[in-house]
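Structure below is final-v9.pdb: PDB, C-alpha atoms and all ligand atoms.
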```pdb
ATOM      1  CA  MET A  34      99.549 117.894 151.243
ATOM      2  CA  LYS A  35     102.719 117.835 153.239
ATOM      3  CA  LYS A  36     105.571 116.252 151.362
ATOM      4  CA  THR A  37     107.981 115.696 154.205
ATOM      5  CA  THR A  38     108.020 112.138 155.397
ATOM      6  CA  ILE A  39     108.426 111.131 159.022
ATOM      7  CA  HIS A  40     111.922 109.941 158.194
ATOM      8  CA  GLU A  41     112.948 113.303 156.742
ATOM      9  CA  ASP A  42     111.422 115.075 159.687
ATOM     10  CA  LYS A  43     113.392 112.886 162.066
ATOM     11  CA  ARG A  44     116.599 113.527 160.144
ATOM     12  CA  ALA A  45     116.036 117.263 160.124
ATOM     13  CA  LYS A  46     115.492 117.177 163.860
ATOM     14  CA  LEU A  47     118.637 115.128 164.325
ATOM     15  CA  GLU A  48     120.671 117.496 162.140
ATOM     16  CA  LYS A  49     119.425 120.407 164.187
ATOM     17  CA  HIS A  50     120.973 118.781 167.235
ATOM     18  CA  THR A  51     124.197 117.858 165.531
ATOM     19  CA  LEU A  52     127.359 119.829 166.109
ATOM     20  CA  ALA A  53     130.883 119.394 164.877
ATOM     21  CA  CYS A  54     133.378 118.301 167.496
ATOM     22  CA  PRO A  55     135.658 121.285 168.212
ATOM     23  CA  ASN A  56     138.616 118.934 168.341
ATOM     24  CA  CYS A  57     138.188 116.637 165.347
ATOM     25  CA  GLY A  58     135.102 117.922 163.519
ATOM     26  CA  TYR A  59     133.214 114.678 163.943
ATOM     27  CA  PRO A  60     129.424 115.211 163.975
ATOM     28  CA  VAL A  61     128.218 114.840 167.540
ATOM     29  CA  LEU A  62     124.810 115.370 169.135
ATOM     30  CA  ASP A  63     124.546 118.548 171.179
ATOM     31  CA  HIS A  64     123.733 116.720 174.408
ATOM     32  CA  MET A  65     126.830 114.548 174.252
ATOM     33  CA  THR A  66     129.509 115.152 176.868
ATOM     34  CA  GLN A  67     132.230 113.243 175.065
ATOM     35  CA  CYS A  68     133.144 112.944 171.408
ATOM     36  CA  PRO A  69     132.653 109.324 170.252
ATOM     37  CA  ASN A  70     135.486 109.768 167.774
ATOM     38  CA  CYS A  71     138.353 111.456 169.630
ATOM     39  CA  LYS A  72     137.024 111.076 173.222
ATOM     40  CA  SER A  73     137.555 114.749 173.939
ATOM     41  CA  LYS A  74     135.247 116.490 176.382
ATOM     42  CA  LEU A  75     132.345 118.405 174.910
ATOM     43  CA  THR A  76     130.193 121.132 176.375
ATOM     44  CA  PRO A  77     126.599 119.995 176.044
ATOM     45  CA  VAL A  78     124.192 122.613 174.722
ATOM     46  CA  GLY A  79     120.953 123.070 176.603
ATOM     47  CA  TYR A  80     121.779 120.202 178.879
ATOM     48  CA  GLN A  81     122.852 120.251 182.464
ATOM     49  CA  PRO A  82     124.166 117.177 184.174
ATOM     50  CA  MET A  83     121.768 115.861 186.786
ATOM     51  CA  SER A  84     122.507 116.954 190.298
ATOM     52  CA  ASP A  85     122.862 114.352 193.038
ATOM     53  CA  GLN A  86     119.656 115.584 194.611
ATOM     54  CA  LYS A  87     117.729 115.147 191.376
ATOM     55  CA  ILE A  88     119.133 111.638 190.897
ATOM     56  CA  LYS A  89     118.131 110.748 194.467
ATOM     57  CA  LYS A  90     114.654 112.145 193.887
ATOM     58  CA  ILE A  91     114.216 110.186 190.643
ATOM     59  CA  ARG A  92     115.519 107.033 192.337
ATOM     60  CA  TRP A  93     113.112 107.518 195.218
ATOM     61  CA  ILE A  94     110.175 107.993 192.811
ATOM     62  CA  THR A  95     111.217 104.889 190.868
ATOM     63  CA  TYR A  96     111.386 102.819 194.054
ATOM     64  CA  SER A  97     108.025 104.177 195.208
ATOM     65  CA  ILE A  98     106.368 103.251 191.908
ATOM     66  CA  GLY A  99     107.988  99.816 192.067
ATOM     67  CA  ALA A 100     106.720  99.309 195.624
ATOM     68  CA  VAL A 101     103.191 100.408 194.685
ATOM     69  CA  ILE A 102     103.135  98.059 191.668
ATOM     70  CA  SER A 103     104.444  95.183 193.813
ATOM     71  CA  ILE A 104     101.743  95.797 196.454
ATOM     72  CA  ALA A 105      99.077  96.058 193.740
ATOM     73  CA  ILE A 106     100.177  92.706 192.236
ATOM     74  CA  ILE A 107     100.162  91.038 195.680
ATOM     75  CA  VAL A 108      96.690  92.463 196.417
ATOM     76  CA  LEU A 109      95.405  91.285 193.025
ATOM     77  CA  ILE A 110      96.799  87.773 193.621
ATOM     78  CA  ILE A 111      95.083  87.640 197.039
ATOM     79  CA  VAL A 112      91.802  88.968 195.605
ATOM     80  CA  PHE A 113      91.735  86.565 192.638
ATOM     81  CA  ARG A 114      92.664  83.554 194.772
ATOM     82  CA  LYS A 115      89.354  83.643 196.592
TER      83      LYS A 115
HETATM   84 ZN    ZN B 201     136.154 114.706 168.389
END
```

Is it possible to give me this structure as structure tokens?
Amino acid sequence: MKKTTIHEDKRAKLEKHTLACPNCGYPVLDHMTQCPNCKSKLTPVGYQPMSDQKIKKIRWITYSIGAVISIAIIVLIIVFRK
């Protein structure tokens, strides 16, 4: 039987993504762009800031989904009113 608990597994995963701030040594997550302790800039590992195009695309998809859900709710209200 596996002895590692979910909590330990989570912690191990978190530690894997923890780096020491090059400026103050404070443990920071590797996707962070700024140290929460000394506010110095960090270089995120394996993370690239979202491009404007990607943000626009995500926003467009979000709006589309919202519109579809709104239409579906309106249609359902009309259907169930009868
Ligand atoms: Zn720092």

### Query
When the cut-off is 6 Å and you count only C-alpha atoms and all ligand atoms, which residues lie near ligand ZN 201 (chain B), shown as a ChimeraX atom specification?
/A:54,56-59,68,70-71,73

#### Entry: CA of Lys46 (chain A) to CA of Met65 (chain A), distance in Å rounded to a single decimal
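Taking CA of Lys46 (chain A) as the start and CA of Met65 (chain A) as the end point, the length is 15.6 Å.
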
### Query
Nearest to Ala53 (chain A) among A:Val101, A:Leu75, A:Ile111, A:Ile94, with distances taken over only C-alpha atoms: which residue is it?
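Smallest distance to Ala53 (chain A) is found for A:Leu75.
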
### Query
Which value, in Å to one decimal, gives the distance between CA of His50 (chain A) and CA of Leu62 (chain A)?
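Distance reported for this atom pair: 5.5 Å.
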
### Message
the PyMOL selection byres (((chain A and resi 76) around 9) and not hetatm) - which residues does that actually catch in the file I just gave you? List them as a list in words.
### Response
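Listing what the PyMOL selection byres (((chain A and resi 76) around 9) and not hetatm) selects in the shown file: Asp63, His64, Met65, Thr66, Gln67, Lys74, Leu75, Pro77, Val78 and Tyr80 of chain A.
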
Output region 48-81 of chain A as a tab-separated table (two decimals), in the coordinates of the input, making sure N, CA and C atoms are there.
```
chain	number	residue	atom	x	y	z
A	48	GLU	N	119.64	116.59	162.65
A	48	GLU	CA	120.67	117.50	162.14
A	48	GLU	C	120.70	118.80	162.93
A	49	LYS	N	119.53	119.19	163.40
A	49	LYS	CA	119.42	120.41	164.19
A	49	LYS	C	120.21	120.26	165.50
A	50	HIS	N	120.29	119.04	165.97
A	50	HIS	CA	120.97	118.78	167.24
A	50	HIS	C	122.39	118.24	167.03
A	51	THR	N	122.87	118.37	165.81
A	51	THR	CA	124.20	117.86	165.53
A	51	THR	C	125.19	119.01	165.45
A	52	LEU	N	126.28	118.84	166.13
A	52	LEU	CA	127.36	119.83	166.11
A	52	LEU	C	128.63	119.14	165.64
A	53	ALA	N	129.59	119.95	165.23
A	53	ALA	CA	130.88	119.39	164.88
A	53	ALA	C	131.77	119.44	166.11
A	54	CYS	N	132.46	118.35	166.36
A	54	CYS	CA	133.38	118.30	167.50
A	54	CYS	C	134.45	119.37	167.32
A	55	PRO	N	134.66	120.22	168.35
A	55	PRO	CA	135.66	121.28	168.21
A	55	PRO	C	137.08	120.75	168.06
A	56	ASN	N	137.27	119.53	168.40
A	56	ASN	CA	138.62	118.93	168.34
A	56	ASN	C	138.88	118.24	167.01
A	57	CYS	N	137.94	117.42	166.56
A	57	CYS	CA	138.19	116.64	165.35
A	57	CYS	C	137.16	116.88	164.24
A	58	GLY	N	136.09	117.62	164.54
A	58	GLY	CA	135.10	117.92	163.52
A	58	GLY	C	134.09	116.82	163.29
A	59	TYR	N	134.14	115.80	164.06
A	59	TYR	CA	133.21	114.68	163.94
A	59	TYR	C	131.81	115.14	164.35
A	60	PRO	N	130.77	114.77	163.58
A	60	PRO	CA	129.42	115.21	163.98
A	60	PRO	C	128.97	114.54	165.26
A	61	VAL	N	128.67	115.35	166.25
A	61	VAL	CA	128.22	114.84	167.54
A	61	VAL	C	126.89	115.49	167.90
A	62	LEU	N	126.08	114.81	168.68
A	62	LEU	CA	124.81	115.37	169.14
A	62	LEU	C	125.08	116.38	170.23
A	63	ASP	N	124.26	117.42	170.28
A	63	ASP	CA	124.55	118.55	171.18
A	63	ASP	C	124.38	118.23	172.66
A	64	HIS	N	123.84	117.07	172.99
A	64	HIS	CA	123.73	116.72	174.41
A	64	HIS	C	124.87	115.80	174.86
A	65	MET	N	125.73	115.46	173.92
A	65	MET	CA	126.83	114.55	174.25
A	65	MET	C	127.90	115.27	175.07
A	66	THR	N	128.48	114.56	176.02
A	66	THR	CA	129.51	115.15	176.87
A	66	THR	C	130.90	114.71	176.43
A	67	GLN	N	130.93	113.73	175.53
A	67	GLN	CA	132.23	113.24	175.06
A	67	GLN	C	132.12	112.89	173.59
A	68	CYS	N	133.14	113.25	172.83
A	68	CYS	CA	133.14	112.94	171.41
A	68	CYS	C	133.35	111.43	171.23
A	69	PRO	N	132.48	110.77	170.44
A	69	PRO	CA	132.65	109.32	170.25
A	69	PRO	C	133.86	109.00	169.37
A	70	ASN	N	134.36	109.99	168.69
A	70	ASN	CA	135.49	109.77	167.77
A	70	ASN	C	136.84	109.98	168.44
A	71	CYS	N	137.04	111.15	169.06
A	71	CYS	CA	138.35	111.46	169.63
A	71	CYS	C	138.36	111.44	171.16
A	72	LYS	N	137.17	111.18	171.76
A	72	LYS	CA	137.02	111.08	173.22
A	72	LYS	C	137.33	112.38	173.96
A	73	SER	N	137.33	113.48	173.25
A	73	SER	CA	137.56	114.75	173.94
A	73	SER	C	136.25	115.21	174.60
A	74	LYS	N	136.41	116.01	175.63
A	74	LYS	CA	135.25	116.49	176.38
A	74	LYS	C	134.50	117.52	175.57
A	75	LEU	N	133.18	117.45	175.62
A	75	LEU	CA	132.34	118.40	174.91
A	75	LEU	C	131.49	119.16	175.91
A	76	THR	N	131.10	120.36	175.53
A	76	THR	CA	130.19	121.13	176.38
A	76	THR	C	128.79	120.94	175.83
A	77	PRO	N	127.95	120.23	176.55
A	77	PRO	CA	126.60	120.00	176.04
A	77	PRO	C	125.79	121.28	175.97
A	78	VAL	N	125.02	121.42	174.91
A	78	VAL	CA	124.19	122.61	174.72
A	78	VAL	C	122.80	122.32	175.26
A	79	GLY	N	122.31	123.22	176.08
A	79	GLY	CA	120.95	123.07	176.60
A	79	GLY	C	120.79	121.83	177.44
A	80	TYR	N	121.85	121.39	178.03
A	80	TYR	CA	121.78	120.20	178.88
A	80	TYR	C	122.65	120.41	180.10
A	81	GLN	N	122.08	120.13	181.24
A	81	GLN	CA	122.85	120.25	182.46
A	81	GLN	C	122.91	118.89	183.12
```
